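Quick look at start.pdb (PDB, C-alpha atoms and all ligand atoms):
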```
MODEL        1
ATOM      1  CA  MET A  19      -8.391 -31.571  39.510  1.00  0.00           C
ATOM      2  CA  THR A  20      -5.870 -33.987  38.144  1.00  0.00           C
ATOM      3  CA  TYR A  21      -2.327 -34.046  36.917  1.00  0.00           C
ATOM      4  CA  ILE A  22      -1.689 -34.574  33.207  1.00  0.00           C
ATOM      5  CA  VAL A  23       1.074 -36.286  31.221  1.00  0.00           C
ATOM      6  CA  GLY A  24       2.165 -34.046  28.368  1.00  0.00           C
ATOM      7  CA  GLU A  25       4.228 -34.181  25.224  1.00  0.00           C
ATOM      8  CA  PRO A  26       7.788 -34.723  26.545  1.00  0.00           C
ATOM      9  CA  CYS A  27       6.740 -38.128  27.881  1.00  0.00           C
ATOM     10  CA  TRP A  28       6.490 -39.440  24.309  1.00  0.00           C
ATOM     11  CA  ASP A  29      10.190 -40.212  24.170  1.00  0.00           C
ATOM     12  CA  CYS A  30      10.882 -41.164  27.781  1.00  0.00           C
ATOM     13  CA  LYS A  31      11.708 -44.708  28.797  1.00  0.00           C
ATOM     14  CA  TYR A  32      12.500 -44.151  32.429  1.00  0.00           C
ATOM     15  CA  GLY A  33       9.190 -43.930  34.233  1.00  0.00           C
ATOM     16  CA  ASP A  34      10.541 -42.235  37.352  1.00  0.00           C
ATOM     17  CA  CYS A  35       7.044 -40.894  37.886  1.00  0.00           C
ATOM     18  CA  VAL A  36       5.141 -44.152  38.279  1.00  0.00           C
ATOM     19  CA  GLU A  37       7.062 -45.409  41.296  1.00  0.00           C
ATOM     20  CA  VAL A  38       6.073 -42.496  43.523  1.00  0.00           C
ATOM     21  CA  CYS A  39       2.348 -42.405  42.785  1.00  0.00           C
ATOM     22  CA  PRO A  40       0.520 -43.412  45.990  1.00  0.00           C
ATOM     23  CA  VAL A  41      -2.645 -44.459  44.161  1.00  0.00           C
ATOM     24  CA  ASP A  42      -1.129 -46.197  41.090  1.00  0.00           C
ATOM     25  CA  CYS A  43      -2.998 -44.123  38.551  1.00  0.00           C
ATOM     26  CA  PHE A  44      -0.476 -44.189  35.670  1.00  0.00           C
ATOM     27  CA  TYR A  45      -1.369 -46.208  32.585  1.00  0.00           C
ATOM     28  CA  GLN A  46       0.350 -46.624  29.238  1.00  0.00           C
ATOM     29  CA  ASP A  47       0.054 -47.456  25.605  1.00  0.00           C
ATOM     30  CA  GLU A  48       2.914 -47.956  23.161  1.00  0.00           C
ATOM     31  CA  ASN A  49       3.579 -44.222  22.924  1.00  0.00           C
ATOM     32  CA  THR A  50       3.248 -42.563  26.295  1.00  0.00           C
ATOM     33  CA  LEU A  51       1.904 -42.669  29.823  1.00  0.00           C
ATOM     34  CA  TYR A  52      -1.455 -41.352  30.992  1.00  0.00           C
ATOM     35  CA  ILE A  53      -2.792 -40.290  34.367  1.00  0.00           C
ATOM     36  CA  ASN A  54      -6.345 -41.418  35.072  1.00  0.00           C
ATOM     37  CA  PRO A  55      -8.184 -38.245  36.156  1.00  0.00           C
ATOM     38  CA  ASP A  56     -10.689 -40.308  38.132  1.00  0.00           C
ATOM     39  CA  GLU A  57      -7.932 -41.769  40.300  1.00  0.00           C
ATOM     40  CA  CYS A  58      -5.348 -38.990  40.667  1.00  0.00           C
ATOM     41  CA  ILE A  59      -5.495 -37.402  44.128  1.00  0.00           C
ATOM     42  CA  ASP A  60      -3.565 -34.297  43.123  1.00  0.00           C
ATOM     43  CA  CYS A  61      -0.674 -35.009  45.498  1.00  0.00           C
ATOM     44  CA  ASP A  62       2.143 -33.550  43.336  1.00  0.00           C
ATOM     45  CA  ALA A  63       4.515 -36.445  44.087  1.00  0.00           C
ATOM     46  CA  CYS A  64       5.111 -37.321  40.432  1.00  0.00           C
ATOM     47  CA  LYS A  65       5.773 -33.910  38.923  1.00  0.00           C
ATOM     48  CA  PRO A  66       9.241 -33.305  40.451  1.00  0.00           C
ATOM     49  CA  GLU A  67      10.309 -36.864  39.560  1.00  0.00           C
ATOM     50  CA  CYS A  68       9.863 -36.424  35.814  1.00  0.00           C
ATOM     51  CA  PRO A  69      13.250 -35.645  34.208  1.00  0.00           C
ATOM     52  CA  VAL A  70      11.687 -33.913  31.220  1.00  0.00           C
ATOM     53  CA  ASP A  71       8.981 -31.934  33.005  1.00  0.00           C
ATOM     54  CA  ALA A  72       6.164 -33.690  31.178  1.00  0.00           C
ATOM     55  CA  ILE A  73       3.682 -33.664  34.055  1.00  0.00           C
ATOM     56  CA  PHE A  74       1.577 -30.631  34.851  1.00  0.00           C
ATOM     57  CA  PRO A  75      -1.454 -29.871  37.008  1.00  0.00           C
ATOM     58  CA  GLU A  76      -4.547 -29.545  34.858  1.00  0.00           C
ATOM     59  CA  ASP A  77      -5.255 -26.036  36.078  1.00  0.00           C
ATOM     60  CA  GLU A  78      -1.731 -24.890  35.184  1.00  0.00           C
ATOM     61  CA  GLY A  79      -2.191 -25.768  31.537  1.00  0.00           C
ATOM     62  CA  PRO A  80      -1.548 -22.217  30.310  1.00  0.00           C
ATOM     63  CA  SER A  81       1.977 -22.188  31.738  1.00  0.00           C
ATOM     64  CA  TYR A  82       2.630 -25.556  30.099  1.00  0.00           C
ATOM     65  CA  ASP A  83       1.586 -24.007  26.791  1.00  0.00           C
ATOM     66  CA  GLU A  84       4.588 -21.717  27.015  1.00  0.00           C
ATOM     67  CA  THR A  85       7.004 -24.610  26.586  1.00  0.00           C
ATOM     68  CA  ASN A  86       8.255 -25.689  23.216  1.00  0.00           C
ATOM     69  CA  CYS A  87       5.622 -28.334  22.487  1.00  0.00           C
ATOM     70  CA  LYS A  88       3.789 -28.887  19.233  1.00  0.00           C
ATOM     71  CA  HIS A  89       0.403 -29.173  20.910  1.00  0.00           C
ATOM     72  CA  ASP A  90      -1.112 -27.044  23.625  1.00  0.00           C
ATOM     73  CA  ALA A  91      -1.978 -28.234  27.109  1.00  0.00           C
ATOM     74  CA  GLN A  92      -5.619 -28.880  26.223  1.00  0.00           C
ATOM     75  CA  HIS A  93      -4.539 -31.492  23.674  1.00  0.00           C
ATOM     76  CA  TYR A  94      -2.864 -33.509  26.428  1.00  0.00           C
ATOM     77  CA  ILE A  95      -5.651 -32.895  28.911  1.00  0.00           C
ATOM     78  CA  ASP A  96      -8.033 -34.422  26.371  1.00  0.00           C
ATOM     79  CA  LEU A  97      -5.690 -37.376  25.775  1.00  0.00           C
ATOM     80  CA  ASN A  98      -5.487 -38.147  29.489  1.00  0.00           C
ATOM     81  CA  TYR A  99      -9.251 -37.850  29.931  1.00  0.00           C
ATOM     82  CA  ASN A 100     -10.141 -39.833  26.827  1.00  0.00           C
ATOM     83  CA  PHE A 101      -7.709 -42.733  27.187  1.00  0.00           C
ATOM     84  CA  ASP A 102      -9.567 -46.017  27.635  1.00  0.00           C
ATOM     85  CA  TYR A 103      -8.566 -47.066  31.167  1.00  0.00           C
ATOM     86  CA  GLU A 104     -11.187 -49.787  31.404  1.00  0.00           C
ATOM     87  CA  GLY A 105      -9.714 -53.183  32.183  1.00  0.00           C
ATOM     88  CA  LYS A 106      -6.100 -52.029  32.035  1.00  0.00           C
ATOM     89  CA  ASP A 107      -3.544 -52.521  34.793  1.00  0.00           C
ATOM     90  CA  PRO A 108      -1.749 -49.458  36.144  1.00  0.00           C
ATOM     91  CA  VAL A 109       1.986 -49.050  35.615  1.00  0.00           C
ATOM     92  CA  THR A 110       3.615 -49.101  39.030  1.00  0.00           C
ATOM     93  CA  SER A 111       7.320 -49.711  38.413  1.00  0.00           C
ATOM     94  CA  LYS A 112       9.956 -48.599  35.937  1.00  0.00           C
ATOM     95  CA  ASP A 113      10.317 -52.161  34.715  1.00  0.00           C
ATOM     96  CA  GLU A 114       6.765 -52.061  33.405  1.00  0.00           C
ATOM     97  CA  VAL A 115       7.291 -48.956  31.264  1.00  0.00           C
ATOM     98  CA  GLU A 116       7.803 -50.146  27.728  1.00  0.00           C
ATOM     99  CA  HIS A 117       7.303 -49.108  24.157  1.00  0.00           C
ATOM    100  CA  GLY A 118       5.507 -51.376  21.743  1.00  0.00           C
ATOM    101  CA  PRO A 119       6.680 -52.364  18.269  1.00  0.00           C
ATOM    102  CA  ASP A 120       4.961 -49.379  16.680  1.00  0.00           C
ATOM    103  CA  TRP A 121       6.682 -46.816  18.828  1.00  0.00           C
ATOM    104  CA  ASP A 122       8.479 -44.304  16.669  1.00  0.00           C
ATOM    105  CA  GLU A 123      10.233 -41.279  18.077  1.00  0.00           C
ATOM    106  CA  GLU A 124       9.541 -39.127  15.039  1.00  0.00           C
ATOM    107  CA  LYS A 125       5.903 -40.161  14.875  1.00  0.00           C
ATOM    108  CA  ALA A 126       5.537 -39.531  18.567  1.00  0.00           C
ATOM    109  CA  LYS A 127       6.540 -35.912  18.064  1.00  0.00           C
ATOM    110  CA  GLU A 128       3.941 -35.218  15.380  1.00  0.00           C
TER
HETATM  111  S1  LIG A 201       9.082 -39.604  34.063  1.00  0.00           S
HETATM  112 FE1  LIG A 201       7.068 -40.445  33.643  1.00  0.00          FE
HETATM  113  S2  LIG A 201       5.804 -38.761  32.852  1.00  0.00           S
HETATM  114 FE2  LIG A 201       7.944 -38.108  32.822  1.00  0.00          FE
HETATM  115  S3  LIG A 201       8.514 -38.504  30.721  1.00  0.00           S
HETATM  116 FE3  LIG A 201       9.147 -40.265  31.949  1.00  0.00          FE
HETATM  117  S4  LIG A 201       7.488 -41.752  31.864  1.00  0.00           S
HETATM  118 FE4  LIG A 201       6.719 -39.767  31.126  1.00  0.00          FE
HETATM  119  S1  LIG A 202      -0.361 -36.128  41.360  1.00  0.00           S
HETATM  120 FE1  LIG A 202      -0.089 -37.834  42.857  1.00  0.00          FE
HETATM  121  S2  LIG A 202      -1.877 -39.142  42.549  1.00  0.00           S
HETATM  122 FE2  LIG A 202      -1.747 -37.799  40.753  1.00  0.00          FE
HETATM  123  S3  LIG A 202      -0.572 -38.998  39.238  1.00  0.00           S
HETATM  124 FE3  LIG A 202       0.890 -37.717  40.382  1.00  0.00          FE
HETATM  125  S4  LIG A 202       1.637 -39.031  42.041  1.00  0.00           S
HETATM  126 FE4  LIG A 202      -0.253 -39.962  41.255  1.00  0.00          FE
ENDMDL
END
```
Represent the structure from my file as structure tokens, please.
Ligand code: SF4
Ligand code: SF4
Amino acid sequence: MTYIVGEPCWDCKYGDCVEVCPVDCFYQDENTLYINPDECIDCDACKPECPVDAIFPEDEGPSYDETNCKHDAQHYIDLNYNFDYEGKDPVTSKDEVEHGPDWDEEKAKE
């Protein structure tokens, strides 16, 4: 089991979550953060830190579906599983959370 980063993360710049992860398993691209399912130890430390409730346990996906997101939980589960983690450094502090030049709030919500 792993925790998953869902849709509300797509417009967050704060990264409160990454600083509490004991195994440094958050990664990012220009749009959002991802949790590496192979590294997450299911400790629940990050979930209460997220100000927009973007993080959910994989097996609680159905309750996440009830929120007002455009995509269902499975969409974000797939994104977290399919992100290419190979060779990338984890994000471990707020200062490292950044959006790239292509980041677009409206596009992120599509
Ligand atoms: S706290 Fe972390 S998971 Fe939550 S929205 Fe911000 S960067 Fe994303
Ligand atoms: S549940 Fe624990 S190990 Fe998994 S991403 Fe959150 S803080 Fe890290």
Would you kindly return, as a PyMOL selection string, each protein, DNA or RNA residue with an atom no farther than 12 Å from any atom of A:Glu114, considering all atoms listed in the file and excluding same-chain residues fewer than 3 positions away?
-> chain A and resi 31-34+36-37+44-48+51+107-111+117-118
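Residues matching the PyMOL selection byres (((not hetatm)) within 7 of (chain A and resi 201)) in this structure come to Val23, Pro26, Cys27, Trp28, Asp29, Cys30, Lys31, Tyr32, Gly33, Asp34, Cys35, Val36, Thr50, Leu51, Glu67, Cys68, Pro69, Val70, Asp71, Ala72 and Ile73 of chain A.
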Quick one: what's the axis-aligned box for ligand LIG 202 (chain A), all listed atoms, 5 Å on every side, centre and edges in Å to one decimal, as AutoDock Vina command-line options?
```
--center_x -0.1 --center_y -38.0 --center_z 41.0 --size_x 13.5 --size_y 13.8 --size_z 13.6
```
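Using all atoms listed in the file, residues with at least one atom at most 7 Å away from any atom of ligand LIG 202 (chain A) are Thr20, Tyr21, Val38, Cys39, Pro40, Val41, Asp42, Cys43, Phe44, Ile53, Glu57, Cys58, Ile59, Asp60, Cys61, Asp62, Ala63, Cys64 and Lys65 of chain A.
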Find the spatial neighbours of stretch 79-83 of chain A, counting all atoms listed in the file, within a cut-off of 12 Å - ignore same-chain residues fewer than 2 positions away - and output them as a list in words.
->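 Using all atoms listed in the file, the neighbours found are Met19, Thr20, Tyr21, Ile22, Val23, Gly24, Glu25, Pro26, Asp71, Ala72, Ile73, Phe74, Pro75, Glu76, Asp77, Thr85, Asn86, Cys87, Lys88, His89, Asp90, Ala91, Gln92, His93, Tyr94, Ile95 and Asp96 of chain A.
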Repair of stretch 81-105 of chain A at the level of N, CA and C atoms, as a short mmCIF file (atom, residue, chain, number, x, y, z; two decimals), in the frame of the given file:
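Output contents, as saved in rebuild-v1.cif:
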```
data_model
loop_
_atom_site.label_atom_id
_atom_site.label_comp_id
_atom_site.auth_asym_id
_atom_site.auth_seq_id
_atom_site.Cartn_x
_atom_site.Cartn_y
_atom_site.Cartn_z
N SER A 81 0.53 -22.34 31.60
CA SER A 81 1.98 -22.19 31.74
C SER A 81 2.69 -23.30 30.96
N TYR A 82 2.06 -24.47 30.89
CA TYR A 82 2.63 -25.56 30.10
C TYR A 82 2.64 -25.18 28.62
N ASP A 83 1.65 -24.44 28.19
CA ASP A 83 1.59 -24.01 26.79
C ASP A 83 2.81 -23.20 26.38
N GLU A 84 3.47 -22.58 27.35
CA GLU A 84 4.59 -21.72 27.02
C GLU A 84 5.85 -22.51 26.68
N THR A 85 5.84 -23.81 26.93
CA THR A 85 7.00 -24.61 26.59
C THR A 85 7.02 -24.88 25.09
N ASN A 86 8.03 -25.55 24.65
CA ASN A 86 8.26 -25.69 23.22
C ASN A 86 7.58 -26.93 22.64
N CYS A 87 6.32 -27.15 22.95
CA CYS A 87 5.62 -28.33 22.49
C CYS A 87 4.80 -28.03 21.24
N LYS A 88 4.55 -29.08 20.47
CA LYS A 88 3.79 -28.89 19.23
C LYS A 88 2.31 -28.68 19.51
N HIS A 89 1.82 -29.30 20.58
CA HIS A 89 0.40 -29.17 20.91
C HIS A 89 0.25 -28.41 22.21
N ASP A 90 -0.90 -27.79 22.39
CA ASP A 90 -1.11 -27.04 23.62
C ASP A 90 -1.56 -27.99 24.75
N ALA A 91 -1.66 -27.43 25.94
CA ALA A 91 -1.98 -28.23 27.11
C ALA A 91 -3.32 -28.94 26.95
N GLN A 92 -4.29 -28.28 26.34
CA GLN A 92 -5.62 -28.88 26.22
C GLN A 92 -5.58 -30.19 25.44
N HIS A 93 -4.68 -30.25 24.46
CA HIS A 93 -4.54 -31.49 23.67
C HIS A 93 -4.20 -32.66 24.60
N TYR A 94 -3.29 -32.42 25.53
CA TYR A 94 -2.86 -33.51 26.43
C TYR A 94 -3.88 -33.75 27.54
N ILE A 95 -4.55 -32.71 27.95
CA ILE A 95 -5.65 -32.90 28.91
C ILE A 95 -6.70 -33.82 28.30
N ASP A 96 -7.04 -33.57 27.05
CA ASP A 96 -8.03 -34.42 26.37
C ASP A 96 -7.53 -35.86 26.24
N LEU A 97 -6.24 -36.02 25.91
CA LEU A 97 -5.69 -37.38 25.78
C LEU A 97 -5.78 -38.14 27.09
N ASN A 98 -5.45 -37.47 28.19
CA ASN A 98 -5.49 -38.15 29.49
C ASN A 98 -6.91 -38.47 29.91
N TYR A 99 -7.85 -37.59 29.59
CA TYR A 99 -9.25 -37.85 29.93
C TYR A 99 -9.86 -38.92 29.04
N ASN A 100 -9.46 -38.96 27.79
CA ASN A 100 -10.14 -39.83 26.83
C ASN A 100 -9.50 -41.20 26.67
N PHE A 101 -8.34 -41.41 27.28
CA PHE A 101 -7.71 -42.73 27.19
C PHE A 101 -8.65 -43.79 27.78
N ASP A 102 -8.68 -44.95 27.17
CA ASP A 102 -9.57 -46.02 27.64
C ASP A 102 -8.88 -46.80 28.76
N TYR A 103 -9.20 -46.44 30.00
CA TYR A 103 -8.57 -47.07 31.17
C TYR A 103 -9.22 -48.39 31.54
N GLU A 104 -10.39 -48.63 31.01
CA GLU A 104 -11.19 -49.79 31.40
C GLU A 104 -10.43 -51.10 31.21
N GLY A 105 -10.31 -51.86 32.27
CA GLY A 105 -9.71 -53.18 32.18
C GLY A 105 -8.20 -53.21 32.11
#
```
